[in-house]
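Trainee: For reference, this is run-v5.cif, and it has mmCIF, C-alpha atoms and all ligand atoms.
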```cif
data_data
#
loop_
_atom_site.label_atom_id
_atom_site.label_comp_id
_atom_site.auth_asym_id
_atom_site.auth_seq_id
_atom_site.Cartn_x
_atom_site.Cartn_y
_atom_site.Cartn_z
CA MET A 2 55.19 -3.21 -124.19
CA ASP A 3 55.20 -0.26 -121.81
CA ASN A 4 52.32 0.44 -119.42
CA ASP A 5 51.07 3.49 -121.32
CA VAL A 6 50.56 1.44 -124.48
CA VAL A 7 48.73 -1.26 -122.51
CA GLN A 8 46.54 1.41 -120.92
CA ASP A 9 45.73 2.84 -124.37
CA ILE A 10 44.53 -0.64 -125.44
CA GLU A 11 42.38 -0.91 -122.30
CA ILE A 12 40.88 2.52 -122.92
CA GLU A 13 40.06 1.59 -126.52
CA ILE A 14 38.17 -1.49 -125.30
CA LEU A 15 36.39 0.54 -122.60
CA LEU A 16 35.19 3.11 -125.15
CA ASP A 17 34.07 0.29 -127.43
CA VAL A 18 32.00 -1.25 -124.64
CA LEU A 19 30.45 2.14 -123.84
CA LEU A 20 29.43 2.54 -127.46
CA LYS A 21 28.35 -1.01 -128.33
CA ARG A 22 26.60 -1.85 -125.07
CA TYR A 23 25.10 1.56 -124.20
CA GLY A 24 25.38 3.83 -127.26
CA TYR A 25 27.61 6.42 -125.51
CA ASP A 26 30.26 7.58 -127.92
CA PHE A 27 33.37 8.94 -126.19
CA ARG A 28 35.74 7.87 -128.98
CA ASN A 29 36.09 11.39 -130.30
CA TYR A 30 36.76 13.17 -127.03
CA ALA A 31 40.09 14.98 -126.80
CA ASP A 32 42.61 12.35 -125.71
CA ALA A 33 44.51 13.98 -122.87
CA SER A 34 41.44 15.21 -121.03
CA LEU A 35 39.63 11.85 -121.37
CA LYS A 36 42.68 10.00 -120.02
CA ARG A 37 42.82 12.36 -117.02
CA ARG A 38 39.15 11.69 -116.27
CA ILE A 39 39.54 7.91 -116.63
CA GLN A 40 42.50 8.11 -114.25
CA ARG A 41 40.32 10.04 -111.77
CA CYS A 42 37.62 7.36 -112.11
CA LEU A 43 40.20 4.68 -111.24
CA THR A 44 41.11 6.58 -108.08
CA VAL A 45 37.49 7.26 -107.04
CA CYS A 46 36.41 3.66 -107.70
CA LYS A 47 39.60 2.25 -106.14
CA PHE A 48 40.66 0.32 -109.25
CA GLN A 49 44.23 -0.21 -110.36
CA TYR A 50 43.64 -0.99 -114.04
CA VAL A 51 41.20 0.36 -116.62
CA SER A 52 40.34 -3.24 -117.56
CA GLU A 53 38.76 -3.72 -114.12
CA ILE A 54 36.04 -1.24 -115.11
CA ILE A 55 35.03 -3.30 -118.16
CA PRO A 56 33.24 -6.28 -116.52
CA LYS A 57 31.45 -3.91 -114.10
CA LEU A 58 30.25 -1.90 -117.05
CA LEU A 59 29.21 -4.97 -119.04
CA TYR A 60 27.34 -6.75 -116.27
CA GLU A 61 26.33 -4.10 -113.73
CA GLY A 62 24.22 -1.57 -115.64
CA PHE A 63 24.01 0.78 -112.63
CA PHE A 64 27.76 1.40 -112.89
CA LEU A 65 27.18 3.18 -116.21
CA GLU A 66 25.66 6.26 -114.55
CA GLN A 67 28.65 6.59 -112.21
CA LEU A 68 31.14 6.19 -115.04
CA ILE A 69 29.41 8.81 -117.23
CA HIS A 70 29.38 11.14 -114.24
CA GLU A 71 33.11 10.60 -113.65
CA LEU A 72 33.92 11.08 -117.34
CA SER A 73 32.02 14.37 -117.52
CA VAL A 74 33.50 17.68 -116.44
CA SER A 75 30.65 19.42 -114.66
CA VAL A 76 32.24 22.74 -113.57
CA THR A 77 29.75 25.57 -114.01
CA GLU A 78 28.51 28.83 -112.42
CA MET A 79 25.50 31.13 -112.46
CA PHE A 80 26.01 34.01 -114.89
CA ARG A 81 29.39 32.54 -115.87
CA ASN A 82 31.36 35.12 -117.92
CA PRO A 83 28.91 37.92 -117.05
CA SER A 84 29.76 40.06 -120.09
CA VAL A 85 28.02 37.47 -122.30
CA TYR A 86 24.73 38.19 -120.53
CA ARG A 87 25.25 41.96 -120.95
CA ALA A 88 25.85 41.41 -124.66
CA LEU A 89 22.74 39.23 -124.86
CA ARG A 90 20.63 41.97 -123.26
CA LYS A 91 22.00 44.58 -125.63
CA HIS A 92 22.23 42.75 -128.96
CA VAL A 93 20.07 39.61 -128.91
CA ILE A 94 17.11 40.23 -126.59
CA PRO A 95 15.66 43.09 -128.73
CA ASP A 96 15.50 40.67 -131.66
CA LEU A 97 13.99 37.86 -129.53
CA LYS A 98 11.27 40.30 -128.45
CA THR A 99 9.99 40.40 -132.05
CA TYR A 100 8.95 36.71 -131.92
CA PRO A 101 5.60 35.59 -130.45
CA PHE A 102 7.34 32.57 -128.86
CA ILE A 103 11.00 31.59 -128.42
CA ASN A 104 12.85 28.33 -127.84
CA ILE A 105 16.22 28.26 -126.08
CA TRP A 106 18.47 25.21 -125.73
CA HIS A 107 21.22 24.80 -123.15
CA ALA A 108 23.26 21.88 -124.50
CA GLY A 109 25.65 20.54 -121.85
CA CYS A 110 23.75 22.31 -119.06
CA SER A 111 25.59 20.45 -116.29
CA THR A 112 23.90 21.10 -112.91
CA GLY A 113 21.68 23.83 -114.34
CA GLU A 114 23.20 27.13 -113.17
CA GLU A 115 23.29 28.36 -116.76
CA VAL A 116 19.61 27.69 -117.50
CA TYR A 117 18.47 29.37 -114.25
CA SER A 118 20.62 32.38 -115.19
CA MET A 119 18.84 32.54 -118.54
CA ALA A 120 15.42 32.21 -116.90
CA ILE A 121 16.22 35.16 -114.60
CA LEU A 122 17.40 37.28 -117.53
CA LEU A 123 14.25 36.43 -119.52
CA LYS A 124 12.03 37.35 -116.53
CA GLU A 125 13.75 40.70 -116.18
CA GLU A 126 13.31 41.34 -119.91
CA GLY A 127 9.62 40.37 -119.82
CA LEU A 128 10.23 37.41 -122.12
CA TYR A 129 9.93 34.43 -119.79
CA ASP A 130 6.24 33.72 -120.36
CA ASN A 131 6.83 33.46 -124.12
CA ALA A 132 9.80 31.13 -123.83
CA ARG A 133 10.58 27.46 -123.47
CA LEU A 134 14.01 26.53 -122.13
CA TYR A 135 15.42 23.10 -122.94
CA ALA A 136 18.28 22.00 -120.69
CA THR A 137 20.13 18.85 -121.73
CA ASP A 138 23.24 16.98 -120.74
CA LEU A 139 24.81 13.60 -121.34
CA ASP A 140 25.21 13.05 -117.59
CA GLU A 141 21.93 11.82 -116.02
CA ARG A 142 23.07 12.83 -112.52
CA ALA A 143 23.79 16.38 -113.67
CA VAL A 144 20.33 16.60 -115.28
CA GLN A 145 18.70 15.44 -112.03
CA SER A 146 20.59 18.15 -110.06
CA ALA A 147 19.63 20.74 -112.68
CA LYS A 148 15.97 19.78 -112.26
CA GLN A 149 16.23 20.25 -108.50
CA GLY A 150 17.92 23.65 -108.82
CA MET A 151 19.44 23.55 -105.33
CA TYR A 152 22.82 25.18 -104.83
CA SER A 153 25.19 25.43 -101.89
CA LEU A 154 25.04 28.76 -100.07
CA ASP A 155 28.86 28.83 -100.25
CA LEU A 156 28.55 29.52 -103.98
CA ILE A 157 25.91 32.22 -103.74
CA GLU A 158 28.21 35.16 -103.04
CA GLU A 159 30.14 34.49 -106.25
CA TYR A 160 26.89 33.91 -108.18
CA SER A 161 25.47 37.21 -106.84
CA ASN A 162 28.59 39.08 -107.96
CA ASN A 163 28.29 37.52 -111.41
CA TYR A 164 24.59 38.44 -111.54
CA GLN A 165 25.34 42.11 -110.79
CA LYS A 166 28.15 42.18 -113.37
CA ALA A 167 25.76 40.56 -115.87
CA GLY A 168 23.46 43.59 -115.62
CA GLY A 169 21.02 42.04 -113.11
CA ARG A 170 18.20 44.44 -112.25
CA ASN A 171 17.32 43.17 -108.77
CA SER A 172 19.10 41.02 -106.21
CA LEU A 173 19.84 37.37 -106.89
CA ALA A 174 18.22 36.65 -103.50
CA ASP A 175 14.86 37.55 -105.10
CA TYR A 176 15.09 34.32 -107.11
CA TYR A 177 15.75 31.69 -104.45
CA GLN A 178 14.64 30.62 -100.99
CA ILE A 179 16.97 29.21 -98.36
CA LYS A 180 16.03 25.69 -97.24
CA ASP A 181 18.19 23.30 -95.21
CA GLY A 182 21.29 25.39 -95.85
CA MET A 183 20.77 25.41 -99.63
CA ALA A 184 19.60 28.06 -102.07
CA VAL A 185 16.53 26.59 -103.78
CA MET A 186 15.71 28.32 -107.07
CA ASP A 187 12.20 29.75 -107.30
CA GLY A 188 9.57 27.41 -108.77
CA SER A 189 8.41 30.15 -111.16
CA LEU A 190 11.79 29.91 -112.94
CA LYS A 191 11.23 26.20 -113.62
CA LYS A 192 7.74 26.56 -115.10
CA ASN A 193 8.90 26.71 -118.73
CA MET A 194 11.95 24.48 -118.43
CA VAL A 195 12.26 21.03 -119.98
CA PHE A 196 15.11 18.82 -118.74
CA SER A 197 16.39 15.78 -120.57
CA THR A 198 19.47 13.69 -121.26
CA HIS A 199 20.90 14.27 -124.73
CA ASN A 200 24.23 13.19 -126.17
CA LEU A 201 25.79 15.56 -128.69
CA ALA A 202 27.87 12.68 -130.04
CA THR A 203 24.97 10.45 -131.00
CA ASP A 204 21.58 12.20 -130.68
CA SER A 205 19.76 14.46 -133.11
CA VAL A 206 18.51 18.04 -133.47
CA PHE A 207 16.18 20.11 -131.28
CA ALA A 208 14.25 21.97 -133.95
CA ASP A 209 13.26 25.65 -134.17
CA MET A 210 15.66 27.07 -131.60
CA ASN A 211 16.07 30.84 -131.44
CA LEU A 212 19.07 30.67 -129.14
CA ILE A 213 21.46 27.86 -128.28
CA PHE A 214 23.97 28.00 -125.43
CA CYS A 215 26.71 25.38 -125.59
CA ARG A 216 29.57 26.69 -123.50
CA ASN A 217 32.63 24.84 -122.25
CA VAL A 218 31.56 21.56 -123.83
CA LEU A 219 33.16 21.68 -127.31
CA ILE A 220 36.53 22.27 -125.70
CA TYR A 221 36.59 18.58 -124.68
CA PHE A 222 35.73 17.34 -128.20
CA SER A 223 37.98 16.29 -131.08
CA PRO A 224 37.62 18.39 -134.28
CA GLU A 225 35.35 15.67 -135.75
CA LEU A 226 32.98 15.59 -132.79
CA LYS A 227 33.02 19.40 -132.53
CA ASN A 228 31.93 19.59 -136.19
CA ARG A 229 29.15 17.07 -135.54
CA ALA A 230 27.80 19.10 -132.61
CA LEU A 231 28.08 22.41 -134.47
CA ASN A 232 26.23 20.96 -137.44
CA LEU A 233 23.50 19.84 -135.06
CA PHE A 234 23.25 23.40 -133.73
CA LYS A 235 23.18 24.85 -137.23
CA ASN A 236 20.29 22.54 -138.15
CA SER A 237 18.46 23.24 -134.88
CA LEU A 238 18.54 27.05 -135.18
CA VAL A 239 15.96 29.12 -137.02
CA ARG A 240 17.30 31.56 -139.61
CA GLY A 241 18.96 34.43 -137.78
CA GLY A 242 19.06 32.35 -134.56
CA VAL A 243 22.01 32.80 -132.20
CA LEU A 244 24.62 30.32 -130.99
CA CYS A 245 26.72 31.04 -127.90
CA VAL A 246 29.88 29.02 -127.25
CA GLY A 247 32.41 29.26 -124.40
CA LYS A 248 35.03 31.94 -123.94
CA GLN A 249 37.81 29.62 -125.08
CA GLU A 250 35.80 28.14 -127.94
CA SER A 251 35.09 29.45 -131.42
CA LEU A 252 33.64 28.53 -134.80
CA GLU A 253 36.84 29.45 -136.60
CA PHE A 254 38.35 26.63 -138.67
CA THR A 255 35.20 24.51 -138.30
CA LYS A 256 32.93 23.25 -141.08
CA VAL A 257 30.11 25.62 -140.09
CA GLU A 258 32.26 28.77 -139.98
CA GLU A 259 30.77 30.14 -143.22
CA SER A 260 27.21 29.64 -141.98
CA PHE A 261 27.57 32.01 -139.03
CA SER A 262 28.58 35.63 -138.40
CA ARG A 263 29.67 37.28 -135.15
CA VAL A 264 27.08 39.21 -133.14
CA THR A 265 29.82 41.24 -131.44
CA ASN A 266 33.59 41.12 -131.74
CA ARG A 267 34.15 40.47 -128.05
CA GLU A 268 31.69 37.74 -127.09
CA LYS A 269 31.37 34.27 -128.59
CA LEU A 270 27.87 34.89 -129.89
CA TYR A 271 27.11 34.00 -133.51
CA TYR A 272 24.12 34.60 -135.79
CA LYS A 273 23.12 31.81 -138.13
CA LYS A 274 23.32 33.54 -141.49
CA VAL A 275 20.16 33.95 -143.49
CA VAL A 276 20.79 32.04 -146.72
CA PRO A 277 18.05 32.65 -149.34
CA GLY A 278 16.07 29.48 -149.96
CA ALA A 279 17.59 27.60 -147.01
CA LYS A 280 15.74 26.71 -143.79
C1 LIG A 301 32.14 22.13 -118.10
S1 LIG A 301 30.45 21.71 -118.17
C2 LIG A 301 29.77 23.17 -118.88
C3 LIG A 301 28.50 23.61 -118.20
C4 LIG A 301 27.91 24.92 -118.69
N1 LIG A 301 27.56 24.87 -120.09
C5 LIG A 301 28.84 26.06 -118.44
O1 LIG A 301 29.51 26.55 -119.33
O2 LIG A 301 28.94 26.50 -117.27
C6 LIG A 301 30.43 20.55 -119.53
C7 LIG A 301 29.15 19.72 -119.59
O3 LIG A 301 29.09 19.12 -120.88
C8 LIG A 301 28.52 17.84 -120.73
N2 LIG A 301 28.86 17.00 -121.89
C9 LIG A 301 30.04 16.44 -122.21
N3 LIG A 301 29.94 15.71 -123.32
C10 LIG A 301 28.65 15.83 -123.74
C11 LIG A 301 27.93 15.28 -124.83
N4 LIG A 301 28.51 14.47 -125.72
N5 LIG A 301 26.62 15.60 -124.95
C12 LIG A 301 26.01 16.41 -124.04
N6 LIG A 301 26.64 16.94 -122.97
C13 LIG A 301 27.96 16.65 -122.83
C14 LIG A 301 29.13 17.32 -119.44
O4 LIG A 301 28.38 16.25 -118.88
C15 LIG A 301 29.13 18.59 -118.58
O5 LIG A 301 27.99 18.67 -117.77
#
```
Starting from the file, give its structure as structure tokens.
Ligand SMILES: C[S@@+](CC[C@H](N)C(=O)[O-])C[C@H]1O[C@@H](n2cnc3c(N)ncnc32)[C@H](O)[C@@H]1O
Mentor:
Amino acid sequence: MDNDVVQDIEIEILLDVLLKRYGYDFRNYADASLKRRIQRCLTVCKFQYVSEIIPKLLYEGFFLEQLIHELSVSVTEMFRNPSVYRALRKHVIPDLKTYPFINIWHAGCSTGEEVYSMAILLKEEGLYDNARLYATDLDERAVQSAKQGMYSLDLIEEYSNNYQKAGGRNSLADYYQIKDGMAVMDGSLKKNMVFSTHNLATDSVFADMNLIFCRNVLIYFSPELKNRALNLFKNSLVRGGVLCVGKQESLEFTKVEESFSRVTNREKLYYKKVVPGAK
């Protein structure tokens, strides 16, 4: 039996342990990307074989958090793909302004840059006080960083450029203070934020959402898991609510395709269609 086949068996057992012992379901993640991340975990943890991870995971609960962190891809930015935020301002915000209160969910929020970007946009549009922003991720460490909202100053120049391109009305510097060499996001942005772990593979809906952002998450999922997550979003959105997915993601050829229509041709923003009689 060649080593690749043996490794596939080890990975199958590892994923089984993750599911049966801790309820984390990685079985439907796209194969190649999961293997790359497991390989990276071996290097970081100085293991030779995947099977060495298994007893640690079974008997040392604290290792779980590290493994989940290693298996997650946490790359993110403030105002990532700025044209999405311009499209939001133009096409979605006017509609959100007609509601007395709005709920927004950032699913797969990583270290939080995306939810702080949204909070800034809502402030500038006069909507922040009537909004609640839910920021969730599978990775507990990412959620903790998101809660802190502290970012390296090395990243701020790029984030400021993105903010300007996104139609920002002020200067990004108006929204953070510098402390100990870090940009600390303003407390007023956090006031209406709720942070929590949530697994799109196993957990359930967040009801009555007006807007859901889930960008650069579905790309790592198998078609089955992608359909599960999209169905969750469909059931979480109010009628006419908006779903935003990543630049390289789309609802085409998924089971929910018929339930959504594009907000604009360019951006990956979708309205949940209003079906008479349905929720
Ligand atoms: C590449 S980041 C995207 C961050 C942000 N949405 C953006 O576009 O900049 C992907 C995030 O999805 C999270 N993730 C992966 N699988 C998940 C799952 N099953 N449930 C919830 N979050 C998940 C990862 O932990 C990671 O933080």
Trainee: May I ask you to write as a PyMOL selection string all residues lying at most 6 Å from ligand LIG 301 (chain A), with all atoms listed in the file counted?
Mentor: chain A and resi 73-78+109-111+115+138-140+199-202+215-218
Trainee: Between A:Ala136, A:Val116, A:Ala230, A:Ile69, which residue has the minimum interatomic distance to Phe27 in chain A, considering all atoms listed in the file?
Mentor: A:Ile69
Trainee: Using all atoms listed in the file, tabulate the residues of range 129-184 of chain A lying at most 12 Å from any atom of range 49-68 of chain A, each with its closest atom pair and that distance in Å to one decimal, by chain and increasing residue number, as JSON lines.
Mentor:
```
{"residue": "A:Leu139", "atom": "CA", "partner": "A:Glu66", "partner_atom": "CA", "distance": 10.0}
{"residue": "A:Asp140", "atom": "CA", "partner": "A:Glu66", "partner_atom": "CA", "distance": 7.5}
{"residue": "A:Glu141", "atom": "CA", "partner": "A:Glu66", "partner_atom": "CA", "distance": 6.9}
{"residue": "A:Arg142", "atom": "CA", "partner": "A:Glu66", "partner_atom": "CA", "distance": 7.3}
{"residue": "A:Ala143", "atom": "CA", "partner": "A:Glu66", "partner_atom": "CA", "distance": 10.3}
{"residue": "A:Val144", "atom": "CA", "partner": "A:Glu66", "partner_atom": "CA", "distance": 11.7}
{"residue": "A:Gln145", "atom": "CA", "partner": "A:Glu66", "partner_atom": "CA", "distance": 11.8}
```
Trainee: Just give me the gap between CA of Pro277 in chain A and CA of Leu97 in chain A in Å, one decimal is fine.
Mentor: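 Distance reported for this atom pair: 20.9 Å.
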Trainee: Write out, as CSV, each residue of range 35-140 of chain A that has an atom at most 10 Å from range 254-267 of chain A, together with the closest pair of atoms and their distance in Å to one decimal, counting all atoms listed in the file, rows going by chain and rising number.
Mentor:
```
residue,atom,partner,partner_atom,distance
A:Ser84,CA,A:Arg267,CA,9.1
A:Val85,CA,A:Arg267,CA,8.9
A:Ala88,CA,A:Thr265,CA,7.9
A:Leu89,CA,A:Val264,CA,9.3
A:His92,CA,A:Val264,CA,7.3
A:Val93,CA,A:Val264,CA,8.2
```
Trainee: Go ahead and compute the interatomic distance for CA of Leu244 in chain A and CA of Gly150 in chain A, in Å to one decimal.
Mentor: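 For CA of Leu244 in chain A relative to CA of Gly150 in chain A, the distance reads 24.1 Å.
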Trainee: Between A:Glu71, A:Lys91, A:Val6, A:Glu159, single out the one closest to Thr44 in chain A, counting all atoms listed in the file.
Mentor: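 Among A:Glu71, A:Lys91, A:Val6, A:Glu159, it is A:Glu71 that comes nearest to Thr44 in chain A.
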Trainee: With distances taken over all atoms listed in the file, which residue among A:Lys36, A:Ile179, A:Ile213, A:Lys98 lies nearest Met119 in chain A?
Mentor: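 Smallest distance to Met119 in chain A is found for A:Ile213.
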Trainee: Looking at all atoms listed in the file, which of A:Met194, A:Asp3, A:Leu35, A:Gly127 is the one that sits closest to Leu15 in chain A?
Mentor: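 Nearest to Leu15 in chain A: A:Leu35.
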Trainee: If you count all atoms listed in the file, which residues fall within 6 Å of range 184-186 of chain A, apart from same-chain ones fewer than 5 positions away, as a PyMOL selection string?
Mentor: chain A and resi 150-152+154+177-179
Trainee: Record the distance separating CA of Ile220 in chain A and CA of Tyr23 in chain A, expressed in Å with one decimal.
Mentor: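 Atom-to-atom, CA of Ile220 in chain A and CA of Tyr23 in chain A are spaced 23.7 Å apart.
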Trainee: May I have a table of the residues of range 38-114 of chain A lying at most 6 Å from range 128-135 of chain A, giving each one's closest pair of atoms and their distance in Å to one decimal, counting all atoms listed in the file, ordered by chain and ascending residue number, as CSV?
Mentor:
```
residue,atom,partner,partner_atom,distance
A:Phe102,CA,A:Asn131,CA,4.8
A:Ile103,CA,A:Ala132,CA,4.8
A:Asn104,CA,A:Arg133,CA,5.0
A:Ile105,CA,A:Leu134,CA,4.8
A:Trp106,CA,A:Tyr135,CA,4.6
```
Trainee: Could you dump the residues just selected with C-alpha atoms as a CSV table (one decimal), in the coordinates of the input?
Mentor:
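Below is the file that was written, part27.csv:
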```csv
chain,number,residue,atom,x,y,z
A,102,PHE,CA,7.3,32.6,-128.9
A,103,ILE,CA,11.0,31.6,-128.4
A,104,ASN,CA,12.8,28.3,-127.8
A,105,ILE,CA,16.2,28.3,-126.1
A,106,TRP,CA,18.5,25.2,-125.7
```
Trainee: So which residues fall inside 9 Å of (27.7, 31.0, -126.7) if we count only C-alpha atoms? Mind giving them as number ranges by chain?
Mentor: A: 85, 212-216, 243-248, 250-251, 268-271
Trainee: Check the smallest atom-to-atom distance from each of A:Lys273, A:Lys227, A:His107, A:Lys192 to Tyr30 in chain A using all atoms listed in the file, then report the winner.
Mentor: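 That would be A:Lys227, the residue with the smallest distance to Tyr30 in chain A.
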Trainee: Report as a list in words all protein, DNA and RNA residues lying within 8 Å of Ser153 in chain A, evaluated on all atoms listed in the file, omitting residues in the same chain fewer than 2 positions from it.
Mentor: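 Returned residues: Met151, Asp155, Leu156, Ile157, Gly182, Met183 and Ala184 of chain A.
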Trainee: Restricting the calculation to only C-alpha atoms, which member of A:Thr112, A:Asn193, A:Gln165, A:Asn232 is positioned closest to Arg87 in chain A?
Mentor: A:Gln165
Trainee: Produce range 137-154 of chain A of the given structure as output with N, CA and C atoms, as a PDB file, in the first residue's frame.
Mentor:
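File written: part_23.pdb
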```pdb
ATOM      1  N   THR A 137     -19.678  35.209  13.659  1.00  0.00           N
ATOM      2  CA  THR A 137     -19.459  33.832  14.112  1.00  0.00           C
ATOM      3  C   THR A 137     -18.362  33.158  13.295  1.00  0.00           C
ATOM      4  N   ASP A 138     -17.734  32.199  13.921  1.00  0.00           N
ATOM      5  CA  ASP A 138     -16.725  31.399  13.228  1.00  0.00           C
ATOM      6  C   ASP A 138     -16.596  30.068  13.968  1.00  0.00           C
ATOM      7  N   LEU A 139     -16.133  29.087  13.236  1.00  0.00           N
ATOM      8  CA  LEU A 139     -15.881  27.765  13.808  1.00  0.00           C
ATOM      9  C   LEU A 139     -14.668  27.798  14.746  1.00  0.00           C
ATOM     10  N   ASP A 140     -13.733  28.678  14.439  1.00  0.00           N
ATOM     11  CA  ASP A 140     -12.431  28.709  15.110  1.00  0.00           C
ATOM     12  C   ASP A 140     -12.496  29.647  16.330  1.00  0.00           C
ATOM     13  N   GLU A 141     -12.456  29.024  17.537  1.00  0.00           N
ATOM     14  CA  GLU A 141     -12.587  29.794  18.792  1.00  0.00           C
ATOM     15  C   GLU A 141     -11.514  30.886  18.894  1.00  0.00           C
ATOM     16  N   ARG A 142     -10.289  30.559  18.444  1.00  0.00           N
ATOM     17  CA  ARG A 142      -9.214  31.565  18.556  1.00  0.00           C
ATOM     18  C   ARG A 142      -9.494  32.776  17.682  1.00  0.00           C
ATOM     19  N   ALA A 143     -10.052  32.511  16.486  1.00  0.00           N
ATOM     20  CA  ALA A 143     -10.379  33.612  15.581  1.00  0.00           C
ATOM     21  C   ALA A 143     -11.462  34.488  16.215  1.00  0.00           C
ATOM     22  N   VAL A 144     -12.460  33.856  16.843  1.00  0.00           N
ATOM     23  CA  VAL A 144     -13.554  34.614  17.467  1.00  0.00           C
ATOM     24  C   VAL A 144     -13.005  35.503  18.593  1.00  0.00           C
ATOM     25  N   GLN A 145     -12.057  34.953  19.369  1.00  0.00           N
ATOM     26  CA  GLN A 145     -11.461  35.744  20.464  1.00  0.00           C
ATOM     27  C   GLN A 145     -10.733  36.962  19.897  1.00  0.00           C
ATOM     28  N   SER A 146      -9.971  36.771  18.791  1.00  0.00           N
ATOM     29  CA  SER A 146      -9.265  37.918  18.170  1.00  0.00           C
ATOM     30  C   SER A 146     -10.270  38.933  17.646  1.00  0.00           C
ATOM     31  N   ALA A 147     -11.359  38.412  17.043  1.00  0.00           N
ATOM     32  CA  ALA A 147     -12.375  39.312  16.491  1.00  0.00           C
ATOM     33  C   ALA A 147     -12.944  40.197  17.605  1.00  0.00           C
ATOM     34  N   LYS A 148     -13.207  39.570  18.763  1.00  0.00           N
ATOM     35  CA  LYS A 148     -13.750  40.304  19.905  1.00  0.00           C
ATOM     36  C   LYS A 148     -12.808  41.418  20.323  1.00  0.00           C
ATOM     37  N   GLN A 149     -11.510  41.124  20.303  1.00  0.00           N
ATOM     38  CA  GLN A 149     -10.522  42.132  20.725  1.00  0.00           C
ATOM     39  C   GLN A 149     -10.434  43.276  19.726  1.00  0.00           C
ATOM     40  N   GLY A 150     -10.540  42.947  18.424  1.00  0.00           N
ATOM     41  CA  GLY A 150     -10.473  43.987  17.392  1.00  0.00           C
ATOM     42  C   GLY A 150      -9.173  44.761  17.424  1.00  0.00           C
ATOM     43  N   MET A 151      -8.049  44.049  17.530  1.00  0.00           N
ATOM     44  CA  MET A 151      -6.728  44.702  17.520  1.00  0.00           C
ATOM     45  C   MET A 151      -5.959  44.212  16.305  1.00  0.00           C
ATOM     46  N   TYR A 152      -5.500  45.151  15.486  1.00  0.00           N
ATOM     47  CA  TYR A 152      -4.835  44.749  14.243  1.00  0.00           C
ATOM     48  C   TYR A 152      -3.462  45.389  14.127  1.00  0.00           C
ATOM     49  N   SER A 153      -2.553  44.655  13.500  1.00  0.00           N
ATOM     50  CA  SER A 153      -1.182  45.146  13.348  1.00  0.00           C
ATOM     51  C   SER A 153      -1.164  46.415  12.498  1.00  0.00           C
ATOM     52  N   LEU A 154      -0.348  47.370  12.916  1.00  0.00           N
ATOM     53  CA  LEU A 154      -0.258  48.630  12.158  1.00  0.00           C
ATOM     54  C   LEU A 154       0.281  48.388  10.748  1.00  0.00           C
TER      55      LEU A 154
END
```
